Every structure is written in structure tokens, then in C-alpha cells.
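Student: Coordinates in protein.txt, compact mmCIF, C-alpha atoms and all ligand atoms, are listed below.
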# COMPACT_ATOMS: atom_id res chain seq x y z
CA MET A 1 0.00 0.00 0.00
CA LYS A 2 1.22 3.49 -0.90
CA PRO A 3 2.26 5.36 2.28
CA ILE A 4 -0.15 8.13 3.29
CA LYS A 5 1.34 11.63 3.21
CA ARG A 6 -1.51 14.02 2.35
CA ILE A 7 -5.22 13.71 2.94
CA GLY A 8 -8.21 15.97 2.36
CA ILE A 9 -11.42 16.48 4.30
CA LEU A 10 -14.75 18.01 3.26
CA THR A 11 -18.20 18.45 4.80
CA GLY A 12 -21.19 18.12 2.47
CA GLY A 13 -24.98 18.53 2.58
CA GLY A 14 -26.95 20.29 5.31
CA ASP A 15 -24.84 21.20 8.33
CA ALA A 16 -25.26 19.38 11.65
CA PRO A 17 -23.95 20.13 15.13
CA GLY A 18 -20.71 18.15 15.61
CA LEU A 19 -19.14 18.83 12.19
CA ASN A 20 -16.40 20.95 13.74
CA ALA A 21 -15.73 18.26 16.34
CA VAL A 22 -15.19 15.77 13.49
CA ILE A 23 -12.88 18.12 11.59
CA ARG A 24 -10.86 18.71 14.76
CA ALA A 25 -10.55 14.98 15.45
CA VAL A 26 -9.46 14.13 11.89
CA VAL A 27 -6.96 17.00 11.74
CA ARG A 28 -5.39 16.17 15.10
CA CYS A 29 -5.12 12.46 14.28
CA ALA A 30 -3.68 13.10 10.82
CA LEU A 31 -1.09 15.58 12.11
CA SER A 32 -0.06 13.23 14.92
CA ARG A 33 0.74 10.63 12.23
CA GLY A 34 2.92 13.14 10.35
CA TRP A 35 0.41 13.55 7.48
CA ASP A 36 -0.49 16.85 5.87
CA ILE A 37 -4.21 17.59 5.85
CA TYR A 38 -6.13 19.87 3.52
CA GLY A 39 -9.58 21.29 4.15
CA ILE A 40 -11.80 21.44 1.06
CA ARG A 41 -14.36 24.22 1.31
CA GLU A 42 -18.08 23.88 0.53
CA GLY A 43 -18.26 20.14 0.08
CA PHE A 44 -17.47 18.57 -3.30
CA GLU A 45 -17.81 22.02 -4.86
CA GLY A 46 -14.32 22.72 -3.48
CA LEU A 47 -12.89 19.92 -5.61
CA LEU A 48 -14.18 21.63 -8.72
CA ASN A 49 -12.22 24.75 -7.76
CA PRO A 50 -8.79 23.92 -6.28
CA GLY A 51 -8.58 27.53 -5.01
CA MET A 52 -11.04 26.38 -2.33
CA VAL A 53 -8.51 24.08 -0.65
CA GLN A 54 -6.45 25.12 2.38
CA LYS A 55 -3.82 23.38 4.49
CA LEU A 56 -5.04 22.83 8.05
CA ASN A 57 -2.85 23.09 11.13
CA LEU A 58 -3.47 22.61 14.82
CA GLU A 59 -4.26 26.33 15.26
CA ASP A 60 -7.03 26.08 12.65
CA VAL A 61 -8.94 23.59 14.76
CA SER A 62 -8.15 24.97 18.17
CA GLY A 63 -11.30 25.94 20.08
CA ILE A 64 -13.79 24.58 17.51
CA LEU A 65 -14.90 21.42 19.36
CA ARG A 66 -17.94 23.11 20.86
CA LEU A 67 -18.89 25.28 17.88
CA GLY A 68 -21.92 24.65 15.67
CA GLY A 69 -21.63 24.82 11.86
CA THR A 70 -18.52 23.82 9.93
CA ILE A 71 -15.33 25.85 9.48
CA LEU A 72 -15.08 24.36 5.98
CA GLY A 73 -18.53 25.48 4.86
CA THR A 74 -20.96 23.15 3.10
CA THR A 75 -23.61 23.11 0.41
CA ASN A 76 -26.40 20.82 -0.69
CA ARG A 77 -26.05 21.93 -4.30
CA GLY A 78 -22.48 20.69 -4.84
CA ASN A 79 -23.10 17.37 -6.60
CA PRO A 80 -20.33 17.15 -9.25
CA PHE A 81 -22.35 14.52 -11.15
CA GLN A 82 -25.24 16.98 -11.50
CA GLN A 83 -23.88 20.50 -11.70
CA PRO A 84 -26.67 22.99 -12.50
CA VAL A 85 -26.23 24.97 -15.70
CA SER A 86 -28.02 28.31 -15.92
CA SER A 87 -29.68 29.87 -18.87
CA GLY A 88 -30.37 33.43 -17.81
CA THR A 89 -30.92 33.59 -14.04
CA LYS A 90 -32.44 30.13 -13.64
CA ALA A 91 -30.72 26.72 -13.67
CA THR A 92 -32.51 24.54 -16.19
CA LYS A 93 -30.34 21.43 -16.57
CA THR A 94 -27.33 19.67 -15.06
CA VAL A 95 -24.00 18.40 -16.39
CA ASP A 96 -21.58 15.74 -15.08
CA ARG A 97 -18.30 17.34 -13.97
CA SER A 98 -17.02 14.43 -11.89
CA ASP A 99 -13.98 13.89 -14.17
CA LEU A 100 -12.76 17.32 -13.12
CA VAL A 101 -13.04 16.28 -9.46
CA VAL A 102 -10.85 13.23 -10.12
CA LYS A 103 -8.36 15.39 -12.03
CA ASN A 104 -8.19 18.00 -9.26
CA PHE A 105 -7.84 15.33 -6.58
CA LYS A 106 -4.76 14.01 -8.44
CA ARG A 107 -3.44 17.53 -9.06
CA LEU A 108 -3.61 18.18 -5.29
CA LYS A 109 -1.55 14.99 -4.79
CA LEU A 110 -3.94 13.75 -2.11
CA ASP A 111 -3.64 10.12 -0.99
CA ALA A 112 -7.11 9.89 0.58
CA LEU A 113 -10.27 11.90 1.14
CA VAL A 114 -12.55 12.04 4.18
CA ALA A 115 -16.14 12.88 3.19
CA VAL A 116 -18.40 13.86 6.08
CA GLY A 117 -22.03 13.77 4.98
CA GLY A 118 -25.50 12.30 4.95
CA ASP A 119 -27.05 10.02 2.32
CA GLY A 120 -26.64 12.59 -0.48
CA SER A 121 -22.94 13.35 0.11
CA LEU A 122 -22.11 9.71 0.80
CA THR A 123 -23.81 8.70 -2.46
CA ILE A 124 -21.50 11.14 -4.26
CA ALA A 125 -18.57 9.74 -2.23
CA GLN A 126 -19.43 6.20 -3.32
CA LYS A 127 -19.58 7.22 -7.00
CA LEU A 128 -16.21 8.99 -6.72
CA PHE A 129 -14.77 5.93 -4.99
CA GLU A 130 -15.95 3.87 -7.97
CA LYS A 131 -14.09 6.37 -10.19
CA GLY A 132 -10.86 5.63 -8.28
CA ILE A 133 -10.72 8.20 -5.47
CA PRO A 134 -9.69 6.54 -2.17
CA ILE A 135 -12.50 7.78 0.07
CA VAL A 136 -13.64 7.09 3.60
CA GLY A 137 -16.95 8.40 4.92
CA ILE A 138 -18.27 9.75 8.20
CA PRO A 139 -22.06 9.73 8.69
CA LYS A 140 -23.68 13.03 9.62
CA THR A 141 -27.28 14.21 9.66
CA ILE A 142 -29.74 15.57 12.16
CA ASP A 143 -32.35 13.36 10.42
CA ASN A 144 -30.74 10.11 11.70
CA ASP A 145 -31.94 8.38 8.54
CA LEU A 146 -28.67 6.72 7.50
CA SER A 147 -28.55 2.92 7.66
CA GLU A 148 -25.81 0.81 9.24
CA THR A 149 -25.24 3.24 12.10
CA VAL A 150 -27.48 3.29 15.15
CA VAL A 151 -27.26 7.05 15.29
CA THR A 152 -25.66 9.90 13.34
CA PHE A 153 -24.11 12.90 15.05
CA GLY A 154 -26.25 16.03 15.00
CA PHE A 155 -29.39 14.07 15.85
CA ASP A 156 -29.02 14.31 19.62
CA THR A 157 -28.56 18.10 19.46
CA ALA A 158 -31.57 18.50 17.16
CA VAL A 159 -33.70 16.41 19.52
CA SER A 160 -32.56 18.53 22.49
CA THR A 161 -33.47 21.72 20.65
CA ALA A 162 -36.92 20.38 19.73
CA THR A 163 -37.52 19.11 23.27
CA ASP A 164 -36.56 22.49 24.68
CA ALA A 165 -39.10 24.11 22.32
CA LEU A 166 -41.84 21.73 23.50
CA ASP A 167 -41.01 22.55 27.12
CA LYS A 168 -41.39 26.26 26.40
CA LEU A 169 -44.61 25.81 24.43
CA HIS A 170 -46.28 24.00 27.32
CA SER A 171 -46.59 27.13 29.44
CA THR A 172 -48.00 29.37 26.72
CA ALA A 173 -50.36 26.64 25.49
CA GLN A 174 -51.61 26.21 29.05
CA SER A 175 -52.01 29.96 29.68
CA HIS A 176 -54.15 30.40 26.55
CA GLN A 177 -55.79 26.97 26.53
CA ARG A 178 -54.54 26.50 23.00
CA VAL A 179 -53.49 23.73 20.69
CA MET A 180 -49.86 24.15 19.59
CA CYS A 181 -48.59 22.27 16.53
CA VAL A 182 -44.82 22.21 16.14
CA GLU A 183 -43.12 21.18 12.90
CA VAL A 184 -39.68 19.62 13.09
CA MET A 185 -37.18 18.49 10.45
CA GLY A 186 -36.25 14.92 9.60
CA ARG A 187 -37.11 14.77 5.90
CA TYR A 188 -38.70 11.34 5.14
CA ALA A 189 -38.05 9.88 8.62
CA GLY A 190 -39.73 10.63 11.93
CA TRP A 191 -36.83 10.21 14.34
CA ILE A 192 -36.63 13.81 15.58
CA ALA A 193 -40.41 14.10 16.05
CA LEU A 194 -40.66 10.75 17.82
CA HIS A 195 -37.79 11.21 20.25
CA SER A 196 -38.41 14.86 21.12
CA GLY A 197 -42.17 14.27 21.17
CA ILE A 198 -41.81 11.68 23.91
CA ALA A 199 -39.11 13.58 25.80
CA GLY A 200 -41.08 16.84 25.56
CA GLY A 201 -44.46 15.37 26.56
CA ALA A 202 -46.35 15.84 23.28
CA ASN A 203 -49.91 14.49 23.11
CA VAL A 204 -49.82 13.72 19.39
CA ILE A 205 -46.80 12.72 17.28
CA LEU A 206 -47.15 12.61 13.49
CA ILE A 207 -44.38 10.88 11.53
CA PRO A 208 -43.95 9.87 7.87
CA GLU A 209 -43.85 6.18 8.79
CA ILE A 210 -47.46 6.30 10.10
CA PRO A 211 -49.96 8.07 7.81
CA PHE A 212 -52.48 9.95 9.97
CA ARG A 213 -56.17 10.83 9.89
CA MET A 214 -57.56 14.02 11.41
CA ASP A 215 -60.35 12.20 13.31
CA PRO A 216 -58.15 10.43 15.89
CA VAL A 217 -55.98 13.55 16.18
CA CYS A 218 -59.05 15.69 16.96
CA ARG A 219 -60.34 13.03 19.39
CA LYS A 220 -57.08 13.23 21.35
CA VAL A 221 -57.31 17.03 21.41
CA GLU A 222 -60.91 16.92 22.64
CA GLU A 223 -59.98 14.38 25.31
CA ARG A 224 -57.41 16.89 26.62
CA TYR A 225 -60.06 19.60 26.82
CA ASN A 226 -62.90 17.48 28.19
CA HIS A 227 -61.05 15.42 30.77
CA GLY A 228 -57.74 17.11 31.24
CA PRO A 229 -55.60 20.20 31.20
CA ARG A 230 -57.44 22.07 28.41
CA PHE A 231 -54.46 22.49 26.09
CA ALA A 232 -52.67 20.18 23.68
CA ILE A 233 -49.20 19.88 22.18
CA LEU A 234 -48.68 18.21 18.80
CA ILE A 235 -45.39 17.54 17.07
CA CYS A 236 -45.36 16.96 13.31
CA ALA A 237 -42.39 15.66 11.36
CA GLU A 238 -42.07 17.78 8.21
CA GLY A 239 -42.56 14.61 6.15
CA ALA A 240 -45.74 13.46 7.96
CA ILE A 241 -48.41 12.31 5.50
CA PRO A 242 -52.19 12.59 5.82
CA TYR A 243 -53.74 9.19 5.07
CA GLY A 244 -54.23 8.86 1.31
CA GLY A 245 -52.54 12.24 0.79
CA GLN A 246 -49.03 13.50 0.12
CA MET A 247 -46.13 15.18 1.87
CA VAL A 248 -46.49 18.95 1.99
CA THR A 249 -43.78 20.81 0.07
CA THR A 250 -43.07 24.50 -0.29
CA GLY A 251 -42.58 24.41 -4.04
CA GLU A 252 -40.94 22.59 -6.90
CA LYS A 253 -37.61 20.81 -6.56
CA GLU A 254 -34.77 23.09 -7.68
CA VAL A 255 -32.48 21.83 -10.45
CA GLY A 256 -29.29 20.39 -8.89
CA ARG A 257 -30.96 19.70 -5.52
CA GLU A 258 -31.72 16.17 -4.52
CA HIS A 259 -34.95 16.79 -2.62
CA PRO A 260 -37.87 19.24 -2.65
CA HIS A 261 -38.26 21.56 0.38
CA LEU A 262 -40.71 20.06 2.83
CA GLY A 263 -42.83 22.31 5.00
CA GLY A 264 -46.34 23.31 5.95
CA ILE A 265 -47.76 20.18 7.56
CA ALA A 266 -48.05 21.71 11.08
CA ASP A 267 -49.95 24.67 9.67
CA PHE A 268 -52.29 22.31 7.81
CA VAL A 269 -52.93 20.25 10.97
CA ALA A 270 -53.48 23.34 13.17
CA LYS A 271 -56.03 24.76 10.71
CA GLU A 272 -57.86 21.44 10.45
CA ILE A 273 -58.06 21.12 14.26
CA GLN A 274 -59.41 24.65 14.64
CA LYS A 275 -61.98 23.99 11.88
CA LYS A 276 -63.09 20.60 13.23
CA THR A 277 -63.00 21.23 17.01
CA GLY A 278 -63.26 25.00 17.34
CA ARG A 279 -60.23 24.94 19.67
CA GLU A 280 -57.87 27.86 19.13
CA SER A 281 -54.79 26.45 17.39
CA ARG A 282 -51.38 27.83 16.45
CA SER A 283 -48.51 26.36 14.46
CA LEU A 284 -44.80 27.01 14.32
CA VAL A 285 -41.88 25.64 12.36
CA LEU A 286 -38.61 25.09 14.24
CA GLY A 287 -36.69 24.90 10.97
CA HIS A 288 -32.97 25.51 10.90
CA LEU A 289 -32.81 26.23 14.64
CA GLN A 290 -32.47 22.44 14.88
CA ARG A 291 -29.26 22.49 12.85
CA GLY A 292 -27.63 25.35 14.74
CA GLY A 293 -25.91 25.88 18.05
CA GLU A 294 -23.45 23.96 20.13
CA PRO A 295 -23.41 20.18 19.83
CA THR A 296 -24.48 18.24 22.92
CA THR A 297 -21.92 16.21 24.85
CA PHE A 298 -23.21 13.07 23.14
CA ASP A 299 -22.72 14.55 19.65
CA ARG A 300 -19.24 15.91 20.46
CA LEU A 301 -18.11 12.52 21.68
CA LEU A 302 -19.74 10.59 18.82
CA ALA A 303 -18.32 12.98 16.19
CA THR A 304 -14.85 12.69 17.73
CA ARG A 305 -14.99 8.88 17.81
CA LEU A 306 -16.21 8.71 14.19
CA GLY A 307 -13.43 11.11 13.12
CA VAL A 308 -10.68 9.11 14.81
CA GLY A 309 -12.15 5.93 13.31
CA ALA A 310 -11.99 7.45 9.81
CA VAL A 311 -8.27 8.18 10.14
CA GLU A 312 -7.73 4.60 11.30
CA LEU A 313 -9.59 3.38 8.19
CA ILE A 314 -7.26 5.40 5.96
CA GLU A 315 -4.24 4.03 7.80
CA ALA A 316 -5.53 0.49 7.22
CA GLY A 317 -6.26 1.24 3.53
CA LYS A 318 -9.96 0.46 3.98
CA PHE A 319 -11.48 2.76 1.36
CA GLY A 320 -15.12 2.83 0.30
CA GLN A 321 -15.96 2.38 4.00
CA MET A 322 -17.47 4.70 6.56
CA THR A 323 -17.31 4.68 10.32
CA ALA A 324 -20.52 3.80 12.14
CA LEU A 325 -21.81 3.45 15.68
CA GLN A 326 -22.87 -0.08 16.48
CA PRO A 327 -22.80 0.07 20.26
CA PRO A 328 -20.55 -0.26 22.04
CA HIS A 329 -18.15 -0.01 19.09
CA ILE A 330 -17.28 2.30 16.22
CA VAL A 331 -17.07 -0.07 13.27
CA PRO A 332 -16.31 0.18 9.54
CA VAL A 333 -19.25 -0.45 7.20
CA SER A 334 -19.46 -0.24 3.43
CA ILE A 335 -20.69 3.16 2.21
CA LYS A 336 -22.57 1.35 -0.55
CA LYS A 337 -24.53 -0.63 2.01
CA ALA A 338 -25.23 2.39 4.21
CA ILE A 339 -26.74 4.39 1.33
CA SER A 340 -28.69 1.49 -0.15
CA LYS A 341 -31.66 1.93 2.17
CA MET A 342 -33.05 4.80 4.23
CA LYS A 343 -33.27 4.12 7.97
CA LYS A 344 -36.85 4.81 8.96
CA VAL A 345 -38.48 4.45 12.37
CA PRO A 346 -39.38 0.73 12.70
CA LEU A 347 -43.07 0.42 13.51
CA ASP A 348 -42.41 -2.40 15.98
CA SER A 349 -39.83 -0.38 17.93
CA ASP A 350 -40.13 -0.22 21.69
CA VAL A 351 -40.12 3.58 21.41
CA ILE A 352 -43.37 3.57 19.41
CA ARG A 353 -44.81 1.02 21.83
CA ALA A 354 -43.80 3.17 24.80
CA ALA A 355 -45.43 6.24 23.25
CA ARG A 356 -48.68 4.35 22.58
CA SER A 357 -48.67 2.99 26.15
CA LEU A 358 -48.39 6.55 27.42
CA GLY A 359 -51.52 7.47 25.48
CA ILE A 360 -49.74 9.47 22.77
CA SER A 361 -51.69 9.48 19.51
CA PHE A 362 -50.04 8.84 16.14
CA GLY A 363 -53.22 9.72 14.31
CA ASP A 364 -53.83 6.12 13.20
CA GLU A 365 -56.04 4.90 16.06
CA SER A 366 -59.45 3.48 15.20
O1 LIG A 401 -31.23 16.76 5.89
C1 LIG A 401 -31.19 17.78 6.83
C2 LIG A 401 -32.31 18.75 6.63
O2 LIG A 401 -32.23 19.72 7.67
C3 LIG A 401 -33.70 18.13 6.58
O3 LIG A 401 -34.19 17.78 7.85
C4 LIG A 401 -34.48 19.23 5.90
O4 LIG A 401 -35.62 18.72 5.23
C5 LIG A 401 -33.49 19.80 4.93
O5 LIG A 401 -32.20 19.43 5.39
C6 LIG A 401 -33.56 21.29 4.77
O6 LIG A 401 -32.69 21.68 3.76
P1 LIG A 401 -32.26 23.19 3.52
O7 LIG A 401 -31.23 23.55 4.56
O8 LIG A 401 -31.68 23.19 2.17
O9 LIG A 401 -33.47 24.04 3.65
Give the structure from the file, written as C-alpha cells.
Tutor:
Amino acid sequence: MKPIKRIGILTGGGDAPGLNAVIRAVVRCALSRGWDIYGIREGFEGLLNPGMVQKLNLEDVSGILRLGGTILGTTNRGNPFQQPVSSGTKATKTVDRSDLVVKNFKRLKLDALVAVGGDGSLTIAQKLFEKGIPIVGIPKTIDNDLSETVVTFGFDTAVSTATDALDKLHSTAQSHQRVMCVEVMGRYAGWIALHSGIAGGANVILIPEIPFRMDPVCRKVEERYNHGPRFAILICAEGAIPYGGQMVTTGEKEVGREHPHLGGIADFVAKEIQKKTGRESRSLVLGHLQRGGEPTTFDRLLATRLGVGAVELIEAGKFGQMTALQPPHIVPVSIKKAISKMKKVPLDSDVIRAARSLGISFGDES
């Protein structure tokens, strides 16, 4: 195996708390092995423009462990296989510029690349690996929807933020005897809504894995008014689906983006409740608050362990692999396998069972 001398690292897709902790871990481990390490700015976009590459030293990562965001920047439009081409002000089609990425990788004389990302960025990483770039992956996403790892970093912080919001909403909902519907992120998986909904004492949790009907939702709300505290808290995953209906999006998918923007389901549910029960209802969207701020202790530790594991994979020449948490260990798994299937909330999970036992409605009760 060729000895490792220079490696690169990039962060791709939506940011997640813990990215800086990963960068710090990878940089420190690489430097301690005598390797040079280069930070590639704005995800794979930085490999299309070698001017976006900078050498990283210990000082560059000093003090970043607890910071949200990513010092390298990121984008969810940087897919080199589908680069948007504009005619006028609007992108209308895409072109494949992945050969340029391979060329620039060689020009930079890098021996390996660490790609930190969710399913989108790791899919790009896998395709570049198949084109000959020695890549290792690190799983990141607040959505927690990546297979082969029990949890991704960023998820715990997002759940804490959403739980904190539910705590705060309780008092105002109670004061005004209102129904509060909170929308959280998670894309096509309900992990954030489920975990923060239970931890934050929600009465109704709506997730994409369980299509809902308004009747049981309204029944639960009425139960709270007729036999209880006269307010209700609902949490809706942005991808929650009304039975027989569709996910609510805010518009058409942009060219060069993998997914449409989801949003609007909490507003829909709040309006339906007000119409059907007459109870005063309000909705709010937590949005990008869930991606910001300091990572929790759990996410800092997980990100650090995954980062160290990635450097060990490079050292062992195990490319096309990513680090994953399979408690109690950090283990290598194939990127191809991890991206082959989205990790959704299993309907037979003890967490769903626990929620049902507590009387939480998922909107599917008869
Ligand atoms: O994948 C992370 C995520 O935050 C999703 O939960 C959400 O649907 C999406 O990204 C939002 O993307 P953007 O930052 O482009 O609005």
C-alpha cells in the first residue's frame, strides 16, 4: 500500500452540530501521524475549484470542538455529477463534472479523502470511490436516517433543541388553553419528532412512517379539553403524511438539488383542528434552529470517535468504508450498504410502543 502523506477532508450537505468536532478529530489524528491535511471548502464544490482548498494546522482547529456549523462550509447543491447549468438567471439542466473532481484530486496529490455527509454526500462519495478516489466516509445528519449506524451525530442536538421548544410551548399553550402544533425536520423519517415528542411530553406525534387521519388527532385534542388540562401539544415531522394524501412541500424541486423543500404540515394540521373542534390552534416551524448551536456532549463525543475511526480506516487502507456506531463499538461499514436503504423508524420499535402505552396518539387509532 502506498504510504499516506496528504489527505483531504470536506463536509457536504446540510450542516449538523458536531461537524467541527469531526474536523478537529481528523486534523489532530492526521497531524499526529505526520500527514499533511487539507480542508476542502463547501463540500465537493471545493474539488471543482482547487482555489477552495487550504492546508489545516493545529491552530485552525483549536477551540472549535464546541462550535456549531462547519469551518469548511458546506452546500447541498455541490453534486459534481449533476452541476446545475443556468440559462439566464435560472438553472434549467445539469452536467456531469465528476472527471474534473478526479483530475483535481490528483493535481492536489492527495492520498485519501474524508467525506463527512449524509445520504446525499455519501452517495456522491461512493460514485467517486468507484471512479478511483480513495475515500472514507463519516455519517452526519440531524435526520438520523442513515442505515448501518445506530445514530448519526447532530441528531441528539436537534432532539434537544426540539424538546426544549416543546417545554417552552407548554406554558404558553396552558395559559391560553390552545393547541400548539410544532413542525420539526427529519425529511422522510420521523426520528426527531418521535424522540423529542416523547421527551417533551407531546400528546400527538405525526411521523412519515405512520400516515395519519384528522379524526383520531381531533379526538385526542378533545380528550385533553374534556377530561384534562385544556391544552394540547402536537409535534409533526415535516414529512408526515395525511392518510391517502401527500407530503407537503413549499414548491418545486430546484435543479441540482436532490430533494424538494418540505414544509407546511403543522400549519395544515393546526387549521384542520381549529376547523373541526373550534379549539384555538397555532402552528410554528422550528426549521434551521435544529441544525444550529453547540453540539451536545453526546454529539461531540460521537463525532470525535467517528473522526478518529476514519483516520484509522485510511491508515488500514480500507477505502469505500465509513465509520458507524454499532454500540458499544465504532465499526467500519461499506458506504454502498449504508446508502442502499433509508433508515426509517421501525413500527415495531419499543419507542413507538412506549409512546402508545403513554396514550400518545399517532393519528392512526381506530
Ligand atoms: O437533511 C437535513 C435537513 O435539515 C432536513 O431535515 C431538511 O428537510 C433539509 O435538510 C432542509 O434543507 P435546507 O437547509 O436546504 O433548507
Student: State, in Å with one decimal place, the distance from atom CA of A:Arg353 to atom CA of A:Pro211.
Tutor: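 These two atoms are separated by 16.5 Å.
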Student: Set the distance at 9 Å and use only C-alpha atoms: which residues neighbour A:Val26 once local chain neighbours fewer than 6 positions away are removed? I'd like the list as a ChimeraX atom specification.
Tutor: /A:9,37,114,304,306-311
Student: Record the distance separating atom CA of A:Ala324 and atom CA of A:Gln82, expressed in Å with one decimal.
Tutor: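 Taking atom CA of A:Ala324 and atom CA of A:Gln82, their separation equals 27.5 Å.
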Student: Collect all residues with atoms no farther than 7 Å from ligand LIG 401 (chain A), counting all atoms listed in the file, and output them as a ChimeraX atom specification.
Tutor: /A:14,76,141-143,185-187,261-262,288,291
Student: With all atoms listed in the file as the basis for distance, which of A:Leu206, A:Val136, A:Cys218, A:Val248 is at the shortest distance from A:Leu122?
Tutor: A:Val136
Student: Hey, could you make a per-residue contact list for stretch 211-258 of chain A against stretch 87-93 of chain A with 10 Å as the cut-off, showing the nearest pair of atoms and its distance in Å to one decimal, counting all atoms listed in the file, sorted by chain and number, as JSON lines?
Tutor:
{"residue": "A:Glu254", "atom": "CA", "partner": "A:Ala91", "partner_atom": "CA", "distance": 8.1}
{"residue": "A:Val255", "atom": "CA", "partner": "A:Ala91", "partner_atom": "CA", "distance": 6.1}
{"residue": "A:Gly256", "atom": "CA", "partner": "A:Lys93", "partner_atom": "CA", "distance": 7.8}
Student: Can you tell me how far atom CA of A:Ile7 sits from atom CA of A:Asn79, in Å to one decimal?
Tutor: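 Answer for the atom CA of A:Ile7 to atom CA of A:Asn79 separation: 20.6 Å.
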Student: Padding 5 Å on each side, edges along x, y and z: where is the centre of the box around the listed atoms of stretch 76-94 of chain A, and how long are its edges in Å to one decimal? Output it as lines of an AutoDock Vina configuration file.
Tutor:
center_x = -26.4
center_y = 24.1
center_z = -9.8
size_x = 22.2
size_y = 29.1
size_z = 28.2
Student: Compile the contact shell of A:Arg356 as a CSV table (one decimal) with C-alpha atoms, in the coordinates of the input: residues with an atom at most 12 Å away, counting all atoms listed in the file, same-chain residues fewer than 5 positions apart removed.
Tutor:
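Okay, selection_28.csv is ready:
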chain,number,residue,atom,x,y,z
A,194,LEU,CA,-40.7,10.8,17.8
A,197,GLY,CA,-42.2,14.3,21.2
A,198,ILE,CA,-41.8,11.7,23.9
A,202,ALA,CA,-46.4,15.8,23.3
A,203,ASN,CA,-49.9,14.5,23.1
A,204,VAL,CA,-49.8,13.7,19.4
A,205,ILE,CA,-46.8,12.7,17.3
A,347,LEU,CA,-43.1,0.4,13.5
A,348,ASP,CA,-42.4,-2.4,16.0
A,349,SER,CA,-39.8,-0.4,17.9
A,350,ASP,CA,-40.1,-0.2,21.7
A,351,VAL,CA,-40.1,3.6,21.4
A,361,SER,CA,-51.7,9.5,19.5
A,362,PHE,CA,-50.0,8.8,16.1
A,363,GLY,CA,-53.2,9.7,14.3
A,364,ASP,CA,-53.8,6.1,13.2
A,365,GLU,CA,-56.0,4.9,16.1
Student: Select, from A:Gly293, A:Gly263, A:Gly118, A:Pro229, the residue with the minimum atom-to-atom distance to A:Arg178, counting all atoms listed in the file.
Tutor: A:Pro229
Student: Where atoms are missing, can you supply N, CA and C atoms for stretch 225-245 of chain A and output the lot as a short mmCIF file (atom, residue, chain, number, x, y, z; two decimals), in the frame of the given file?
Tutor:
data_model
loop_
_atom_site.label_atom_id
_atom_site.label_comp_id
_atom_site.auth_asym_id
_atom_site.auth_seq_id
_atom_site.Cartn_x
_atom_site.Cartn_y
_atom_site.Cartn_z
N TYR A 225 -59.23 18.49 26.37
CA TYR A 225 -60.06 19.60 26.82
C TYR A 225 -61.19 19.11 27.74
N ASN A 226 -61.73 17.94 27.43
CA ASN A 226 -62.90 17.48 28.19
C ASN A 226 -62.53 16.83 29.51
N HIS A 227 -61.40 16.14 29.53
CA HIS A 227 -61.05 15.42 30.77
C HIS A 227 -59.67 15.78 31.26
N GLY A 228 -59.13 16.87 30.85
CA GLY A 228 -57.74 17.11 31.24
C GLY A 228 -57.38 18.57 31.33
N PRO A 229 -56.15 18.87 30.94
CA PRO A 229 -55.60 20.20 31.20
C PRO A 229 -56.01 21.31 30.24
N ARG A 230 -56.91 21.04 29.32
CA ARG A 230 -57.44 22.07 28.41
C ARG A 230 -56.39 22.78 27.56
N PHE A 231 -55.37 22.04 27.15
CA PHE A 231 -54.46 22.49 26.09
C PHE A 231 -53.86 21.22 25.49
N ALA A 232 -53.27 21.37 24.30
CA ALA A 232 -52.67 20.18 23.68
C ALA A 232 -51.42 20.57 22.90
N ILE A 233 -50.46 19.66 22.91
CA ILE A 233 -49.20 19.88 22.18
C ILE A 233 -49.06 18.77 21.14
N LEU A 234 -48.88 19.18 19.89
CA LEU A 234 -48.68 18.21 18.80
C LEU A 234 -47.32 18.45 18.18
N ILE A 235 -46.63 17.38 17.81
CA ILE A 235 -45.39 17.54 17.07
C ILE A 235 -45.54 16.82 15.74
N CYS A 236 -45.21 17.53 14.65
CA CYS A 236 -45.36 16.96 13.31
C CYS A 236 -44.00 16.91 12.65
N ALA A 237 -43.59 15.73 12.20
CA ALA A 237 -42.39 15.66 11.36
C ALA A 237 -42.74 16.34 10.05
N GLU A 238 -41.78 17.05 9.46
CA GLU A 238 -42.07 17.78 8.21
C GLU A 238 -42.55 16.86 7.09
N GLY A 239 -42.18 15.56 7.21
CA GLY A 239 -42.56 14.61 6.15
C GLY A 239 -43.82 13.82 6.49
N ALA A 240 -44.52 14.21 7.58
CA ALA A 240 -45.74 13.46 7.96
C ALA A 240 -46.77 13.53 6.83
N ILE A 241 -47.49 12.41 6.66
CA ILE A 241 -48.41 12.31 5.50
C ILE A 241 -49.85 12.04 5.96
N PRO A 242 -50.79 12.90 5.54
CA PRO A 242 -52.19 12.59 5.82
C PRO A 242 -52.56 11.31 5.06
N TYR A 243 -53.36 10.48 5.68
CA TYR A 243 -53.74 9.19 5.07
C TYR A 243 -54.31 9.42 3.68
N GLY A 244 -53.76 8.72 2.69
CA GLY A 244 -54.23 8.86 1.31
C GLY A 244 -53.77 10.15 0.64
N GLY A 245 -53.00 10.96 1.37
CA GLY A 245 -52.54 12.24 0.79
C GLY A 245 -51.05 12.21 0.48
#
